[in-house]
Amino acid sequence: MPRREIDLAEAGLSGIVGRMAKATAFDELWGASRDRTPRADFEPVAAWLADLTPAELVRRQQAAEAAFRSLGITFAVYGDEEAAERIIPFDIIPRIFTAREWASLSAGLEQRVHAINLFIDDVYGARKILADGVLPADIVLGNAQYCIPVAGARPPHGVYAHICGIDLVRTGPDEFWVLEDNVRTPSGVSYMLENREAMLRLCPELFDALPVVPVDSYPELLRDTLQSVAPKPGSGACCVLLTPGHYNSAFYEHGFLADNMGIELVEGSDLEVDDDVVWMRTIGGRVRVDVIYRRIDDAYLDPLFFRPDSALGVPGLMAAYLAGNVSLANAPGTGIADDKAIYSYMPEIVRYYTGDAPKLPNVETWRCREPEALKYVLDNLDTLVVKLVDGSGGYGMLVGPAATREELAEFRAVLKAAPASYIAQPTLALSTVPTFTEAGIAPRHVDFRPFVLTGADGVKIVPGGLTRVALREGSLVVNSSQGGGTKDSFVLADPES
Amino acid sequence: MLSRTAANLYWIGRHMERAEFTARLVEATIRLTALGDHAEGDQAWKSALSVVGAGRAFRASGDSFSAASVRRYLTLAEGNPSSIRSCLTTARDNARAARTALTVEVWEAINRAWLLIRDRTKPGGVPATLNLVEGLRAEIRGFEGALTRMLRSEGNWLMSLGSVIERGDNTARLLDVKYYLLLPPGQTVGGALDRDQWSTLLQIVSARTAYRHIYGGAPRPWRVADFLIFRGEMPRSLVASADEAVTLLSALAARSGRQGQADRLARKRLDRIQAIDISKVVQDGLHEWLHAYIRENAAIDQAIARQFRFG
């Protein structure tokens, strides 16, 4: 099923809603201490926090909101009479990773994304992993996300997923888990950059107290990544960002990225395909396009190839892609790697392609298609979260701890009827970060989405990402529509280097 | 620059200019009707509709004719593509689509003008309408100010080009309509009513004081025509619009390294205006001459769209 461009409202943690006792959660600043003693390395932040008077916090919080509003950073569709321009709440207390934490996280991300690209290349190519029986063939070849027409068409350097957003959660000092791999058109990176700008303006003293590694090289790195995968090598490749248009909820981000990379922001109607070559219409004539960073889903890319009713795409684009005349980032068909059924095999996939044990674990996942797993799930339904393998946005999902007896019974029957369609995961005690709330500073649950770039010369990760925070007490839902907000994510420089 | 962006910018210029012109038209018509009796008032509003070429569309809209209904039609009617609201909505839509090509100032000025009129359902009485129109004109002046502070490059030139093309069209229509409709049969040129109407016309193009500086005394029809057609120092005159169009197109050509049909047409038009004077125009027929100008302006508009590949 084609998925709409993800926005923050649905990108997230809808999978682990649950009632968690907050006392059990690990706090990233205070650790497990009950008297708010900071963890080692975090004293400067605690001191900063203690120095801020409540009035000053309120003032800065309001200044942040005003700044975001005047910059027009919104994720809602505005222009409609009824739709107020909504900004995502921003919390000024940052979430912080030590150099050591980041080093191990980024090594894990690099390994995982490297494996993801090899996996996609393999399943659209030689299919060795299926021949070796690492995962059942039907789960790949029979998958709705498997894009048969691109099988055999290898993009430059074998890179399919140029931009990945890997959703991570944390449950303890050294316990990070991958919750979801977003390898189609992940969004949210503009928050990473804008949140940092806001923090530099609002809390400059924090940057004196802490060696925060900058994130502002992201647009440059992204541009280099796109250039590096052009069909013909060379620095003169023409890259563009293809947007569905200004009614899309992530349009702000599309314009922001295009601007910061210095490339054109185009809509489908700005492009034309002639003899399998993509051209852009400009006032100086037509210009050949080499690389398209597309923020349009596969299904809408080319009406001649996918959905014929798509007005967003470019007729003939897929023919140009298959002819090797244009690169698409991410490549069509990458959805096969972020399907939930495939996710459950990711540890095996990583081990198969890299030869090493995965550095970043998956959240434990029971595949209900396997009889033993199904039995466990049925027996423990009230403690688990059960998801449809190809569902998204919380559709077809059961949250055991929050479900009524009737709902559990109903779901048990559904599970038994179609076990292959479901996976189950435990509810996790997500880590918390101190957050400014109406009742003062209090711990709130967070998740984290770093952005991982893959080009001709390997994987690059900007030290940072998007931290989303559930602003309601005890809530694990970071979705913006349900009172979720964002925080800046600091990565500290290694004092040794 | 993308052709689509060029189209967005050009249409921002045209719609902002049209919104401002309509605002001034409404303001001046209210003033004119305050001077005369009821029947003349109706005539003035009919004439206002003709100036923006909306007489037929208004009759088709089913509204019964009254000063209030025309006021509403010109300011707020969504069914009227030239109403101030429609112009500002279109300008803002174009600005949203071309947001990255605009400065924050330009975007904010357009957005503020739009916000001012977005939620209005009724123009209200005459004082309320005047307030609204004055507020809108202030915001649109803000847009023009922001434009002058923008980087001098394609984006600025294309918006300005839209403005001058629209301005030429507006001034020509205004002259044409006033020349014909504002002189009821039997009324001799130079009467009291006549004077009011010509001074109203000058007010619409915000040039009442300027006229006095240049010509002195009360407005005379041929002098007003001379002023609005041939005086280059008058920014809304036809010759000034024609001249500015040539300048802007040359700037664009210098950047891209090539000229086209729009450049040729614009230069030809300027040469023609500069070669004649008001007595020649009156002798040949002002109405015919103005219509030729309007057609020529439309031809340049189309040539611009073709030349920058958004036609």
# chains A, B, ... in the order shown; residues from 1 in each chain; ligands from 1

$ select_by_dssp --residues "range 75-283 of chain B" --states "helix (DSSP H, G or I)" --output "ChimeraX atom specification"
/B:75,84-97,99-101,104-118,126-148,154-181,192-204,208-215,221-230,238-256,261-274,278-283

$ interface_residues --of "chain B" --to "chain A" --cutoff "6 Å" --atoms "only C-alpha atoms" --output "PyMOL selection string"
chain B and resi 1-3+97+308

$ closest_residue --among "B:Ser69, B:Thr29, B:Leu76, B:Ser61" --to "Trp198 in chain B" --atoms "only C-alpha atoms"
B:Thr29

$ residues_around --residues "range 98-111 of chain B" --least-positions-apart "3" --cutoff "6 Å" --atoms "only C-alpha atoms" --output "MDAnalysis selection string"
chainID B and resid 5 95 114 142:143 146

$ atom_distance --atom1 "CA of Leu492 in chain A" --atom2 "CA of Val215 in chain A"
11.4 Å

$ residues_around --residues "Asp276 in chain A" --least-positions-apart "5" --cutoff "9 Å" --atoms "only C-alpha atoms" --output "list in words"
Gly316, Leu317, Met318, Ala319, Ala320, Tyr321, Leu322, Ala323, Gly324, Asn325 and Val326 of chain A

$ write_last_selection --atoms "C-alpha atoms" --output "PDB file, in the first residue's frame"
ATOM      1  CA  GLY A 316       8.335   9.077 -18.567  1.00  0.00           C
ATOM      2  CA  LEU A 317      10.468   9.554 -15.454  1.00  0.00           C
ATOM      3  CA  MET A 318      10.736   5.836 -14.752  1.00  0.00           C
ATOM      4  CA  ALA A 319      11.769   5.130 -18.335  1.00  0.00           C
ATOM      5  CA  ALA A 320      14.550   7.707 -17.934  1.00  0.00           C
ATOM      6  CA  TYR A 321      15.535   6.088 -14.626  1.00  0.00           C
ATOM      7  CA  LEU A 322      15.590   2.588 -16.051  1.00  0.00           C
ATOM      8  CA  ALA A 323      17.620   3.860 -19.015  1.00  0.00           C
ATOM      9  CA  GLY A 324      20.206   5.073 -16.499  1.00  0.00           C
ATOM     10  CA  ASN A 325      19.865   8.734 -17.500  1.00  0.00           C
ATOM     11  CA  VAL A 326      18.770  10.076 -14.164  1.00  0.00           C
TER      12      VAL A 326
END

$ atom_distance --atom1 "CA of Glu154 in chain B" --atom2 "CA of Leu252 in chain B"
6.2 Å

$ residues_around --residues "range 298-307 of chain A" --least-positions-apart "3" --cutoff "10 Å" --atoms "only C-alpha atoms" --output "VMD selection string"
chain A and resid 1 to 4 145 147 149 184 to 185 242 244 268 294 to 295 310 to 319 330 to 335
